[in-house]
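Enquirer: Just query_11.txt, nothing more (compact mmCIF, C-alpha atoms):
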# COMPACT_ATOMS: atom_id res chain seq x y z
CA MET A 13 -35.50 91.38 78.17
CA LYS A 14 -38.46 91.13 75.85
CA CYS A 15 -37.46 94.40 74.25
CA SER A 16 -33.92 93.23 73.77
CA LYS A 17 -35.11 89.98 72.26
CA LEU A 18 -37.34 91.81 69.78
CA LYS A 19 -34.47 94.06 68.75
CA TYR A 20 -32.20 91.05 68.22
CA GLN A 21 -34.79 89.28 66.09
CA SER A 22 -35.36 92.41 64.01
CA TRP A 23 -31.60 92.88 63.51
CA ASN A 24 -31.18 89.21 62.64
CA CYS A 25 -33.88 89.46 59.95
CA LYS A 26 -32.26 92.53 58.46
CA CYS A 27 -28.86 90.80 58.38
CA ARG A 28 -30.29 87.76 56.66
CA SER A 29 -31.97 89.97 54.06
CA CYS A 30 -28.76 91.95 53.61
CA GLY A 31 -26.74 88.77 53.32
CA LYS A 32 -28.97 87.43 50.57
CA ARG A 33 -28.63 90.68 48.64
CA PHE A 34 -24.86 90.61 49.06
CA VAL A 35 -24.68 87.04 47.84
CA LEU A 36 -26.87 87.88 44.84
CA PHE A 37 -24.70 90.91 44.08
CA CYS A 38 -21.54 88.81 44.26
CA CYS A 39 -23.07 86.16 42.04
CA ALA A 40 -24.10 88.79 39.48
CA LEU A 41 -20.62 90.33 39.60
CA ILE A 42 -18.94 86.96 39.11
CA ALA A 43 -21.35 86.05 36.31
CA GLY A 44 -20.61 89.36 34.57
CA ALA A 45 -16.89 88.84 34.95
CA LEU A 46 -17.15 85.33 33.56
CA LEU A 47 -19.21 86.59 30.64
CA LEU A 48 -16.64 89.29 29.85
CA LEU A 49 -13.84 86.74 30.18
CA TYR A 50 -15.67 84.39 27.81
CA LEU A 51 -16.27 87.12 25.25
CA TRP A 52 -12.63 88.21 25.45
CA TYR A 53 -11.52 84.60 24.99
CA GLN A 54 -13.75 84.10 21.96
CA LEU A 55 -12.54 87.36 20.42
CA ALA A 56 -8.91 86.43 21.00
CA LYS A 57 -9.57 82.94 19.70
CA SER A 58 -11.01 84.35 16.47
CA ASP A 59 -7.71 86.16 15.78
CA LYS A 60 -5.50 83.22 16.67
CA ILE A 61 -4.49 80.61 14.15
CA ASP A 62 -5.29 76.97 14.65
CA ILE A 63 -2.03 75.49 13.37
CA SER A 64 -3.66 72.10 12.96
CA GLU A 65 -6.10 73.51 10.38
CA PRO A 66 -4.58 74.03 6.89
CA ARG A 67 -5.10 77.40 5.23
CA LEU A 68 -6.12 77.42 1.59
CA LEU A 69 -3.89 79.18 -0.98
CA LEU A 70 -5.18 79.31 -4.55
CA TRP A 71 -3.24 79.63 -7.82
CA TRP A 72 -5.34 81.52 -10.37
CA THR A 73 -4.00 80.01 -13.58
CA HIS A 74 -5.58 78.66 -16.76
CA ASP A 75 -9.12 77.44 -16.12
CA ASN A 76 -8.56 74.28 -18.19
CA GLU A 77 -5.76 72.89 -16.02
CA LYS A 78 -6.18 69.64 -14.14
CA VAL A 79 -7.24 70.32 -10.55
CA TYR A 80 -4.66 69.48 -7.91
CA TYR A 81 -4.25 69.68 -4.13
CA ARG A 82 -1.06 69.50 -2.10
CA ASN A 83 0.00 70.47 1.39
CA ILE A 84 3.09 72.48 2.25
CA TYR A 85 4.65 72.72 5.70
CA CYS A 86 6.21 75.89 7.06
CA GLY A 87 7.50 75.06 10.52
CA TYR A 88 4.40 74.35 12.63
CA PHE A 89 2.06 75.64 9.97
CA VAL A 90 0.28 73.79 7.18
CA CYS A 91 -1.19 75.28 4.02
CA THR A 92 -3.12 73.63 1.23
CA ILE A 93 -2.15 74.69 -2.29
CA THR A 94 -4.69 74.23 -5.06
CA ASN A 95 -5.89 75.58 -8.39
CA ASP A 96 -9.49 74.56 -7.74
CA ARG A 97 -11.51 77.64 -8.65
CA GLN A 98 -14.56 76.26 -6.86
CA ARG A 99 -12.73 77.04 -3.59
CA LEU A 100 -12.16 80.71 -4.40
CA ALA A 101 -14.29 82.01 -1.52
CA GLU A 102 -12.26 79.97 1.01
CA ALA A 103 -8.83 81.04 -0.21
CA LYS A 104 -6.79 83.35 2.01
CA VAL A 105 -4.23 84.06 -0.71
CA ILE A 106 -4.72 84.22 -4.49
CA PHE A 107 -1.49 83.63 -6.43
CA PHE A 108 -0.94 85.07 -9.91
CA TYR A 109 1.87 84.28 -12.34
CA GLY A 110 2.57 87.52 -14.24
CA SER A 111 2.96 86.02 -17.71
CA TYR A 112 -0.36 84.15 -17.43
CA ILE A 113 -2.58 87.00 -16.24
CA ASN A 114 -5.70 87.23 -18.38
CA ALA A 115 -7.70 90.44 -18.21
CA LEU A 116 -10.81 88.54 -19.28
CA ASP A 117 -10.52 86.15 -16.36
CA MET A 118 -9.97 87.75 -12.95
CA PRO A 119 -11.16 86.25 -9.61
CA LEU A 120 -14.02 88.59 -8.75
CA PRO A 121 -15.61 89.40 -6.44
CA ARG A 122 -12.60 89.68 -4.18
CA HIS A 123 -13.27 89.23 -0.47
CA ALA A 124 -11.83 91.61 2.11
CA TYR A 125 -9.82 88.86 3.81
CA GLN A 126 -8.07 87.78 0.57
CA LEU A 127 -4.52 88.78 -0.29
CA TRP A 128 -3.34 88.89 -3.90
CA ALA A 129 0.25 87.71 -4.46
CA LEU A 130 2.14 88.27 -7.72
CA LEU A 131 5.07 86.18 -8.99
CA GLN A 132 6.99 87.16 -12.12
CA ASP A 133 10.33 85.47 -12.78
CA GLU A 134 10.27 85.66 -16.57
CA THR A 135 11.17 88.43 -18.98
CA PRO A 136 9.13 91.59 -18.36
CA GLN A 137 8.08 91.81 -22.00
CA ASN A 138 5.87 88.77 -21.36
CA ALA A 139 3.81 90.69 -18.81
CA PRO A 140 2.80 94.07 -20.34
CA TYR A 141 0.05 94.81 -17.75
CA LEU A 142 2.65 94.97 -14.99
CA PHE A 143 4.31 98.02 -16.53
CA TYR A 144 1.43 100.12 -15.16
CA GLN A 145 0.84 101.26 -11.60
CA GLU A 146 -2.93 101.15 -12.12
CA PHE A 147 -2.71 97.38 -12.23
CA LEU A 148 0.15 96.76 -9.79
CA ARG A 149 -1.64 98.46 -6.93
CA HIS A 150 -4.23 95.69 -6.75
CA PHE A 151 -1.60 93.24 -5.46
CA ASN A 152 -0.51 92.97 -1.84
CA TYR A 153 2.66 90.89 -2.02
CA THR A 154 5.13 90.46 -4.87
CA SER A 155 8.09 88.32 -5.83
CA THR A 156 9.83 89.89 -8.83
CA PHE A 157 13.32 90.85 -10.02
CA SER A 158 13.12 94.18 -8.17
CA ARG A 159 15.02 94.65 -4.91
CA TYR A 160 11.91 96.42 -3.57
CA SER A 161 9.73 93.37 -4.07
CA ASP A 162 8.61 91.59 -0.90
CA TYR A 163 10.60 88.51 -1.91
CA PRO A 164 13.18 89.71 -4.48
CA LEU A 165 14.42 87.49 -7.29
CA THR A 166 17.18 89.87 -8.37
CA LEU A 167 19.82 87.14 -8.16
CA ARG A 168 17.55 84.37 -9.38
CA SER A 169 19.88 83.55 -12.31
CA LEU A 170 22.90 83.20 -10.04
CA HIS A 171 22.27 79.59 -9.10
CA ASN A 172 25.53 79.04 -7.22
CA PRO A 173 27.02 82.25 -5.78
CA LYS A 174 30.23 80.45 -4.75
CA GLU A 175 31.10 80.06 -8.42
CA LEU A 176 31.66 83.82 -8.67
CA ILE A 177 34.97 83.50 -6.84
CA LEU A 178 35.94 79.90 -7.67
CA ARG A 179 37.97 79.15 -10.79
CA THR A 180 36.17 75.94 -11.67
CA TYR A 181 35.59 76.95 -15.31
CA PHE A 182 38.44 79.41 -15.75
CA ARG A 183 40.69 78.98 -18.79
CA ALA A 184 43.97 80.73 -19.46
CA LEU A 185 43.57 83.34 -22.17
CA ARG A 186 45.90 81.52 -24.55
CA PHE A 187 43.48 78.57 -24.61
CA ARG A 188 40.45 80.65 -25.58
CA SER A 189 38.91 81.19 -28.99
CA SER A 190 40.56 83.51 -31.50
CA ILE A 191 37.10 85.00 -31.98
CA PRO A 192 36.96 87.18 -28.84
CA VAL A 193 33.23 87.87 -28.43
CA LEU A 194 30.33 85.45 -27.87
CA PHE A 195 26.67 86.24 -28.49
CA MET A 196 24.17 83.50 -27.73
CA GLN A 197 20.50 84.53 -27.87
CA ASP A 198 17.42 83.08 -29.54
CA ASN A 199 15.10 86.10 -29.29
CA CYS A 200 15.66 88.72 -31.99
CA ALA A 201 12.44 90.67 -31.41
CA THR A 202 13.23 92.35 -28.11
CA LEU A 203 11.82 95.35 -26.35
CA SER A 204 15.36 96.65 -25.77
CA GLY A 205 16.38 96.39 -29.44
CA ARG A 206 19.64 94.62 -28.49
CA GLU A 207 19.79 92.87 -31.88
CA ASN A 208 20.43 96.22 -33.61
CA TYR A 209 23.42 97.01 -31.42
CA VAL A 210 24.95 93.55 -31.82
CA ARG A 211 24.41 93.63 -35.59
CA GLU A 212 26.39 96.87 -35.81
CA LEU A 213 29.05 95.65 -33.34
CA MET A 214 29.65 92.62 -35.58
CA THR A 215 30.85 94.96 -38.33
CA HIS A 216 33.69 96.17 -36.07
CA VAL A 217 34.81 93.07 -34.17
CA PRO A 218 34.44 89.30 -34.74
CA VAL A 219 31.46 87.88 -32.85
CA HIS A 220 30.66 84.19 -32.51
CA SER A 221 26.83 84.10 -32.63
CA CYS A 222 25.43 80.60 -32.19
CA GLY A 223 21.86 81.35 -31.11
CA GLU A 224 18.88 81.81 -33.39
CA CYS A 225 19.43 85.58 -33.36
CA LEU A 226 22.07 86.82 -35.86
CA ARG A 227 23.41 83.29 -36.12
CA ASN A 228 26.74 82.80 -37.90
CA ALA A 229 27.95 79.58 -36.24
CA ASP A 230 26.60 76.17 -35.34
CA SER A 231 24.82 75.91 -32.02
CA PRO A 232 26.24 73.36 -29.56
CA ILE A 233 23.97 71.01 -27.62
CA PHE A 234 23.69 71.85 -23.92
CA ARG A 235 22.21 69.24 -21.59
CA ARG A 236 23.16 70.93 -18.31
CA GLU A 237 24.18 74.35 -17.08
CA ASN A 238 27.71 73.01 -16.61
CA ASP A 239 27.90 72.42 -20.36
CA VAL A 240 26.90 76.04 -21.00
CA LEU A 241 29.56 77.34 -18.62
CA ARG A 242 32.30 75.18 -20.14
CA PHE A 243 31.38 76.45 -23.60
CA ILE A 244 31.29 80.13 -22.54
CA SER A 245 34.69 79.78 -20.84
CA GLY A 246 36.26 79.45 -24.28
CA PHE A 247 35.65 83.15 -25.03
CA LYS A 248 37.12 86.35 -23.63
CA PHE A 249 33.96 88.48 -23.85
CA VAL A 250 30.27 87.62 -23.58
CA ILE A 251 27.52 89.94 -24.83
CA ALA A 252 24.94 90.13 -22.05
CA PHE A 253 22.20 92.44 -23.32
CA GLU A 254 18.79 92.19 -21.66
CA ASP A 255 15.60 91.90 -23.70
CA ALA A 256 13.96 94.62 -21.58
CA ILE A 257 15.32 97.57 -19.61
CA CYS A 258 14.21 97.39 -15.97
CA ASP A 259 15.85 98.21 -12.65
CA ASP A 260 17.42 95.07 -11.13
CA TYR A 261 16.42 92.88 -14.08
CA ILE A 262 19.59 90.79 -14.63
CA THR A 263 19.52 87.50 -16.52
CA ALA A 264 21.91 84.56 -16.62
CA ALA A 265 24.32 85.76 -19.35
CA TYR A 266 25.84 88.42 -17.06
CA TRP A 267 26.47 86.01 -14.17
CA GLN A 268 27.67 83.20 -16.41
CA ALA A 269 30.36 85.43 -17.90
CA LEU A 270 31.57 86.41 -14.43
CA ILE A 271 31.55 82.79 -13.27
CA VAL A 272 33.80 81.52 -16.09
CA GLY A 273 36.17 84.50 -16.02
CA ALA A 274 35.00 86.23 -19.20
CA ILE A 275 34.21 89.94 -19.34
CA PRO A 276 30.50 90.72 -19.76
CA ILE A 277 29.61 93.35 -22.36
CA TYR A 278 26.43 94.52 -20.71
CA PHE A 279 23.40 96.60 -21.51
CA GLY A 280 20.15 96.43 -19.57
CA SER A 281 19.40 97.24 -15.96
CA PRO A 282 20.23 100.90 -15.14
CA THR A 283 21.08 99.67 -11.62
CA ILE A 284 23.55 96.99 -12.73
CA ARG A 285 26.49 98.63 -10.95
CA ASP A 286 24.72 98.03 -7.65
CA TRP A 287 25.19 94.30 -8.24
CA GLU A 288 28.64 93.97 -9.81
CA PRO A 289 31.24 92.12 -7.66
CA HIS A 290 33.66 95.07 -7.85
CA ASP A 291 33.78 98.40 -9.65
CA HIS A 292 35.69 97.02 -12.65
CA SER A 293 33.66 93.90 -13.43
CA ALA A 294 32.17 94.51 -16.86
CA ILE A 295 32.14 96.65 -19.99
CA TYR A 296 28.94 98.70 -20.13
CA ALA A 297 27.66 99.61 -23.58
CA SER A 298 25.99 102.73 -22.17
CA ASP A 299 29.48 104.16 -21.46
CA PHE A 300 30.31 104.30 -25.17
CA GLU A 301 29.04 106.63 -27.85
CA SER A 302 28.84 103.83 -30.42
CA PRO A 303 29.51 100.12 -31.01
CA ALA A 304 32.68 101.14 -32.87
CA ALA A 305 34.06 102.83 -29.74
CA LEU A 306 33.28 99.74 -27.67
CA ALA A 307 35.03 97.53 -30.25
CA GLU A 308 38.23 99.58 -29.82
CA LEU A 309 38.33 98.71 -26.10
CA VAL A 310 37.77 95.03 -26.90
CA TYR A 311 40.84 95.01 -29.18
CA GLU A 312 42.91 96.83 -26.53
CA LEU A 313 42.07 94.21 -23.90
CA VAL A 314 42.69 91.31 -26.27
CA ASP A 315 46.24 92.59 -26.78
CA ASN A 316 46.86 93.43 -23.10
CA GLU A 317 46.47 90.46 -20.75
CA THR A 318 47.33 92.53 -17.66
CA ALA A 319 44.54 95.01 -18.41
CA PHE A 320 42.17 92.13 -19.16
CA LEU A 321 42.82 90.43 -15.81
CA GLU A 322 42.02 93.66 -13.94
CA TYR A 323 38.37 92.84 -14.71
CA LEU A 324 38.72 89.51 -12.88
CA GLN A 325 39.46 90.64 -9.32
CA HIS A 326 36.65 88.36 -8.12
CA LYS A 327 38.76 85.44 -9.34
CA PHE A 328 42.27 86.52 -8.33
CA ASN A 329 41.93 88.83 -5.31
CA ILE A 330 42.05 86.18 -2.58
CA GLU A 331 41.72 88.60 0.37
CA GLU A 332 38.65 90.47 -0.92
CA PRO A 333 37.28 89.01 -4.15
CA ILE A 334 33.91 90.80 -3.81
CA THR A 335 34.07 94.40 -2.63
CA ASN A 336 30.43 95.28 -3.27
CA LYS A 337 28.77 95.29 0.18
CA ARG A 338 25.28 95.39 -1.28
CA LEU A 339 25.95 92.25 -3.30
CA LEU A 340 27.44 90.47 -0.29
CA LYS A 341 24.39 91.29 1.80
CA ALA A 342 22.06 90.16 -0.99
CA LEU A 343 24.00 86.92 -1.40
CA LEU A 344 23.53 86.22 2.30
CA TRP A 345 19.77 86.76 1.98
CA HIS A 346 19.89 84.74 -1.23
CA TYR A 347 21.40 81.86 0.75
CA ASN A 348 18.90 82.16 3.62
CA PHE A 349 16.00 82.25 1.15
CA ASN A 350 17.50 79.10 -0.42
CA LEU A 351 17.36 80.48 -3.94
CA SER A 352 20.46 78.45 -4.77
CA GLU A 353 18.53 75.22 -4.19
CA LYS A 354 16.97 73.55 -7.20
CA VAL A 355 13.45 74.35 -6.08
CA GLU A 356 11.12 76.46 -8.17
CA HIS A 357 10.60 80.09 -7.19
CA TYR A 358 6.87 79.56 -6.92
CA GLU A 359 7.35 76.93 -4.18
CA LYS A 360 9.46 79.33 -2.14
CA PHE A 361 6.88 82.08 -2.61
CA GLU A 362 4.15 79.71 -1.43
CA ARG A 363 6.07 78.94 1.75
CA GLU A 364 6.69 82.59 2.47
CA MET A 365 3.03 83.49 2.04
CA CYS A 366 1.96 80.46 4.10
CA THR A 367 4.20 81.69 6.92
CA GLU A 368 2.98 85.27 6.48
CA ILE A 369 -0.70 84.45 6.96
CA ASN A 370 -0.12 82.01 9.82
CA SER A 371 2.64 83.45 11.96
CA ARG A 372 0.78 86.59 13.02
CA ARG A 373 -1.73 86.64 15.85
CA GLU A 374 -3.54 89.47 14.17
CA LYS A 375 -4.57 89.56 10.54
CA PRO A 376 -1.75 89.60 7.94
CA ILE A 377 -0.59 93.00 6.76
CA SER A 378 -2.46 94.09 3.64
CA LYS A 379 0.25 95.84 1.64
CA ILE A 380 -0.13 97.64 -1.67
CA ALA A 381 2.36 96.95 -4.47
CA ASN A 382 3.75 99.93 -6.36
CA GLN A 383 5.83 100.78 -9.42
CA THR A 384 9.13 100.02 -7.68
CA HIS A 385 8.14 96.34 -7.55
CA PHE A 386 8.30 96.22 -11.36
CA SER A 387 10.34 99.21 -12.42
CA CYS A 388 10.40 99.22 -16.24
CA PRO A 389 10.06 102.79 -17.56
CA LEU A 390 8.24 103.34 -20.83
CA PRO A 391 9.34 104.13 -23.45
CA GLN A 392 12.33 101.83 -23.09
CA ARG A 393 15.83 103.32 -23.38
CA LEU A 394 17.61 101.75 -26.38
CA PRO A 395 21.38 101.27 -26.80
CA THR A 396 23.07 103.84 -29.02
CA THR A 397 23.46 102.73 -32.64
CA ARG A 398 23.60 104.43 -36.01
CA LYS A 399 20.00 103.39 -36.61
CA ASN A 400 18.52 103.58 -33.16
CA TYR A 401 15.33 101.69 -33.85
CA THR A 402 13.97 98.17 -33.86
CA LYS A 403 11.90 96.54 -36.57
CA GLN A 404 9.41 95.61 -33.90
CA ALA A 405 9.13 99.18 -32.52
CA LYS A 406 5.72 99.79 -34.10
CA GLN A 407 4.38 96.46 -32.89
CA TRP A 408 5.64 97.07 -29.34
CA LYS A 409 3.99 100.49 -29.39
CA VAL A 410 0.67 98.93 -30.41
CA ASN A 411 1.03 96.21 -27.77
CA PHE A 412 1.57 98.70 -24.97
CA THR A 413 -1.20 100.99 -26.18
CA VAL A 414 -3.58 98.05 -25.98
CA ALA A 415 -2.19 97.02 -22.58
CA GLN A 416 -2.66 100.55 -21.24
CA ARG A 417 -6.30 100.67 -22.31
CA VAL A 418 -6.96 97.20 -20.89
CA VAL A 419 -5.36 98.14 -17.57
CA HIS A 420 -7.41 101.34 -17.34
CA LEU A 421 -10.65 99.44 -17.82
CA LEU A 422 -9.55 96.60 -15.59
CA ASP A 423 -8.69 99.03 -12.80
CA ILE A 424 -12.27 100.33 -12.87
CA LEU A 425 -13.70 96.81 -12.73
CA LEU A 426 -11.39 95.70 -9.92
CA GLN A 427 -12.44 98.71 -7.86
CA ARG A 428 -16.09 97.91 -8.58
CA ASN A 429 -15.33 94.35 -7.37
CA ALA A 430 -18.07 92.57 -9.27
CA PRO A 431 -18.03 89.79 -11.89
CA TYR A 432 -17.98 90.96 -15.49
CA VAL A 433 -18.79 89.47 -18.88
CA PRO A 434 -15.64 88.87 -21.01
CA THR A 435 -17.37 89.69 -24.29
CA GLN A 436 -18.58 93.04 -22.95
CA PHE A 437 -15.10 93.76 -21.60
CA ARG A 438 -13.55 93.02 -24.99
CA GLU A 439 -16.03 95.29 -26.76
CA LYS A 440 -15.34 98.11 -24.32
CA VAL A 441 -11.59 97.80 -24.95
CA LYS A 442 -12.23 98.04 -28.69
CA GLN A 443 -14.21 101.21 -28.13
CA LEU A 444 -11.38 102.73 -26.10
CA LEU A 445 -8.92 101.87 -28.89
CA GLY A 446 -11.24 103.11 -31.61
CA TRP A 447 -11.45 99.64 -33.12
CA ASP A 448 -15.21 99.21 -32.72
CA ASN A 449 -15.81 100.21 -36.35
CA LEU A 450 -13.21 97.83 -37.76
Could you take the file, read its structure, and then write that structure out as structure tokens?
Expert:
Amino acid sequence: MKCSKLKYQSWNCKCRSCGKRFVLFCCALIAGALLLLYLWYQLAKSDKIDISEPRLLLWWTHDNEKVYYRNIYCGYFVCTITNDRQRLAEAKVIFFYGSYINALDMPLPRHAYQLWALLQDETPQNAPYLFYQEFLRHFNYTSTFSRYSDYPLTLRSLHNPKELILRTYFRALRFRSSIPVLFMQDNCATLSGRENYVRELMTHVPVHSCGECLRNADSPIFRRENDVLRFISGFKFVIAFEDAICDDYITAAYWQALIVGAIPIYFGSPTIRDWEPHDHSAIYASDFESPAALAELVYELVDNETAFLEYLQHKFNIEEPITNKRLLKALLWHYNFNLSEKVEHYEKFEREMCTEINSRREKPISKIANQTHFSCPLPQRLPTTRKNYTKQAKQWKVNFTVAQRVVHLLDILLQRNAPYVPTQFREKVKQLLGWDNL
């Protein structure tokens, strides 16, 4: 009995010791699991977005502007929009407006978490730096006229797509002006040299020119776009020549002519046929060997109403007014993006970027813009005229030579990612141009 009792006591001691070790092991295992769970939670939490905390988006504009703050709401998300340069380090997105970019004033150093977003809704000739890939590649997101932009503005001048098929402004041909062609532009120093073509065309066919460029008639007063459309509807043809030649760059004159039931005489975007309502929508200057040849077609259509109306299928073909599937698809996106609303493009771009940086659990995609986002080949292709030149050709050549040198130097500095002294930058550009001895 004594032996058995001793064995039991010895076994009981061993069990107690073993039990303590087991409990300690379990506690250590649980503690380790809790620690791993906590670390995983903190890591996941760092990637998640707190929708109650606004994200800062900064417009990098002129440094002398009055500082402002405003909040925008994108579904559940809130973003704060500002131009306060003192908050540069906090900004998740830096917005640039293409026409206001100043090579002497770039937001450096650029932090790894910052996205650069480019908006350009004006004429390309106002933004010479954007013609070069060396500069474009420093932007992540773009909103330009190009269909390949992240948020395209190709149809930005078509404010009300429904008007393409409605006959709100349509006039019967017998009630239109005896002068068949309208030209209405104020800029006569264009990159495309359109003024040379129109000047020669005016020697072959009557043109009513009431803008500042080649003006031969009084200019009416327009208070609203409706007034413009009513005026244009009094002509059979409207000259719609762009001031720069870029893929998908289409300004209002083309759409306005289609809306009122006039025939656009167009020169500009090489991709214009991708956006016409049907395959007989306009007269394209590039199809003719000279302005004189184009004028002959104008006279033919003036004398033949049946042939003229063939260009207006979007007005009279009730079953299928628009046959261009690409345009129909773009108009649907145009509607969903609310470009027909009277809200500025920059506000829509802000909302899209606010959603982009907030709606992803992981970090936003850091894209790289490329030449397709601003496709404007240099040298520009000019319309065919007897004197195929522009008075401003030499000045444009100088401007782009300077822009190219500036972009090359700026590309180096942006890759270096360090602040720079504007005066030193300016002197270096002069050296590259050979102007340092002037």
Enquirer: One decimal, Å: what's the distance from atom CA of A:Val272 over to atom CA of A:Val314, could you say?
Expert: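 Calculated distance between atom CA of A:Val272 and atom CA of A:Val314 is 16.7 Å.
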Enquirer: Just checking: using only C-alpha atoms, which residue out of A:Tyr81, A:Tyr432, A:Phe243, A:Tyr323 ends up closest to A:Gly273?
Expert: A:Tyr323
Enquirer: Please, which residues are within 10 Å of (5.9, 72.0, -2.6) by the file's coordinates, counting all atoms listed in the file, and could they come as a list of chain:residue names?
Expert: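 Here the neighbourhood of the point contains A:Arg82, A:Asn83, A:Ile84, A:Tyr85, A:Thr92, A:Ile93, A:Val355, A:Glu356, A:Tyr358, A:Glu359, A:Lys360, A:Glu362, A:Arg363.
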Enquirer: Can you list every residue of stretch 217-244 of chain A that has an atom at most 12 Å from stretch 308-312 of chain A, with its nearest atom pair and the distance in Å to one decimal, using all atoms listed in the file, ordered by chain then number, as a tab-separated table?
Expert:
residue	atom	partner	partner_atom	distance
A:Val217	CA	A:Tyr311	CA	8.1
A:Pro218	CA	A:Tyr311	CA	10.2
A:Val219	CA	A:Val310	CA	11.2
Enquirer: State, in Å with one decimal place, the distance from atom CA of A:Gly446 to atom CA of A:Pro431.
Expert: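 Those two atoms sit 24.7 Å apart.
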Enquirer: Using Å and a single decimal, report how far atom CA of A:Asn411 sits from atom CA of A:Tyr109.
Expert: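 Answer for the atom CA of A:Tyr109 to atom CA of A:Asn411 separation: 19.5 Å.
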Enquirer: Is there a way to get, as a PyMOL selection string, all residues within 9 Å of the point (32.7, 84.6, -6.5) in file coordinates, counting all atoms listed in the file?
Expert: chain A and resi 173-179+270-271+289+326-327+333-334
Enquirer: Tell me, as a list in words, which residues lie within 10 Å of stretch 229-233 of chain A, counting all atoms listed in the file; anything in the same chain fewer than 6 positions away does not count.
Expert: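 Within the cut-off, the hits are Met196, Val219, His220, Ser221, Cys222, Gly223, Asp239, Val240 and Phe243 of chain A.
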Enquirer: With only C-alpha atoms as the basis for distance, which of A:Pro192, A:Pro303, A:Pro276, A:Pro282 is at the shortest distance from A:Ala252?
Expert: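 Closest to A:Ala252, using only C-alpha atoms: A:Pro276.
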Enquirer: Show which residues sit within 12 Å of A:Pro140, as a ChimeraX atom specification. Count only C-alpha atoms, and ignore same-chain residues fewer than 3 positions away.
Expert: /A:110-115,132,134-137,143-145,147-148,203,256,386,388-390,408-419
Enquirer: Under the rule that only C-alpha atoms are counted, which of A:Trp72, A:Tyr209, A:Tyr125, A:Phe328 is the nearest residue to A:Phe182?
Expert: A:Phe328
Enquirer: Closest to A:Asp299 among A:Thr396, A:His357, A:Ser161, A:Met118, using only C-alpha atoms?
Expert: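 Residue with the minimum atom-to-atom distance to A:Asp299: A:Thr396.
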Enquirer: At a cut-off of 7 Å, using only C-alpha atoms, what residues contact A:Ile257? Leave out same-chain residues fewer than 4 positions from it and give the result as a list in words.
Expert: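 The filter keeps Ser204, Gly280, Ser281, Cys388, Gln392 and Arg393 of chain A.
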Enquirer: Taking all atoms listed in the file into account, name the residue in A:Ala307, A:Asn370, A:Ala430, A:Tyr181 that is nearest to A:Asn238.
Expert: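 Going through A:Ala307, A:Asn370, A:Ala430, A:Tyr181 one by one, the smallest distance to A:Asn238 is for A:Tyr181.
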Enquirer: Edge lengths and centre in Å to one decimal, as JSON, of the axis-aligned box that encloses all listed atoms of stretch 161-175 of chain A with 6 Å added on every side?
Expert:
{"center_x": 19.9, "center_y": 86.2, "center_z": -6.6, "size_x": 34.5, "size_y": 26.3, "size_z": 23.4}
Enquirer: Measuring between all atoms listed in the file, which one of A:Asn76, A:Asn208, A:Ser371, A:Thr263 shows the shortest distance to A:Thr166?
Expert: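 Ranked by minimum distance to A:Thr166, first place goes to A:Thr263.
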Enquirer: Please return stretch 182-192 of chain A, rebuilt to N, CA and C atoms, as an mmCIF file, keeping the file's coordinate frame.
Expert:
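Result file follows (part13.cif):
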data_model
loop_
_atom_site.group_PDB
_atom_site.id
_atom_site.type_symbol
_atom_site.label_atom_id
_atom_site.label_comp_id
_atom_site.auth_asym_id
_atom_site.auth_seq_id
_atom_site.Cartn_x
_atom_site.Cartn_y
_atom_site.Cartn_z
ATOM 1 N N PHE A 182 37.506 78.416 -15.204
ATOM 2 C CA PHE A 182 38.440 79.410 -15.750
ATOM 3 C C PHE A 182 39.447 78.753 -16.691
ATOM 4 N N ARG A 183 39.669 79.403 -17.825
ATOM 5 C CA ARG A 183 40.690 78.980 -18.790
ATOM 6 C C ARG A 183 41.703 80.100 -18.978
ATOM 7 N N ALA A 184 42.945 79.729 -19.127
ATOM 8 C CA ALA A 184 43.970 80.730 -19.460
ATOM 9 C C ALA A 184 43.627 81.352 -20.804
ATOM 10 N N LEU A 185 43.971 82.611 -20.964
ATOM 11 C CA LEU A 185 43.570 83.340 -22.170
ATOM 12 C C LEU A 185 44.127 82.718 -23.446
ATOM 13 N N ARG A 186 45.294 82.102 -23.343
ATOM 14 C CA ARG A 186 45.900 81.520 -24.550
ATOM 15 C C ARG A 186 45.126 80.304 -25.059
ATOM 16 N N PHE A 187 44.252 79.742 -24.213
ATOM 17 C CA PHE A 187 43.480 78.570 -24.610
ATOM 18 C C PHE A 187 42.050 78.943 -25.048
ATOM 19 N N ARG A 188 41.797 80.217 -25.189
ATOM 20 C CA ARG A 188 40.450 80.650 -25.580
ATOM 21 C C ARG A 188 40.386 80.910 -27.077
ATOM 22 N N SER A 189 39.155 81.054 -27.556
ATOM 23 C CA SER A 189 38.910 81.190 -28.990
ATOM 24 C C SER A 189 39.583 82.449 -29.552
ATOM 25 N N SER A 190 39.997 82.338 -30.821
ATOM 26 C CA SER A 190 40.560 83.510 -31.500
ATOM 27 C C SER A 190 39.483 84.534 -31.829
ATOM 28 N N ILE A 191 38.225 84.074 -31.851
ATOM 29 C CA ILE A 191 37.100 85.000 -31.980
ATOM 30 C C ILE A 191 36.783 85.481 -30.559
ATOM 31 N N PRO A 192 36.993 86.747 -30.250
ATOM 32 C CA PRO A 192 36.960 87.180 -28.840
ATOM 33 C C PRO A 192 35.573 87.246 -28.206
#
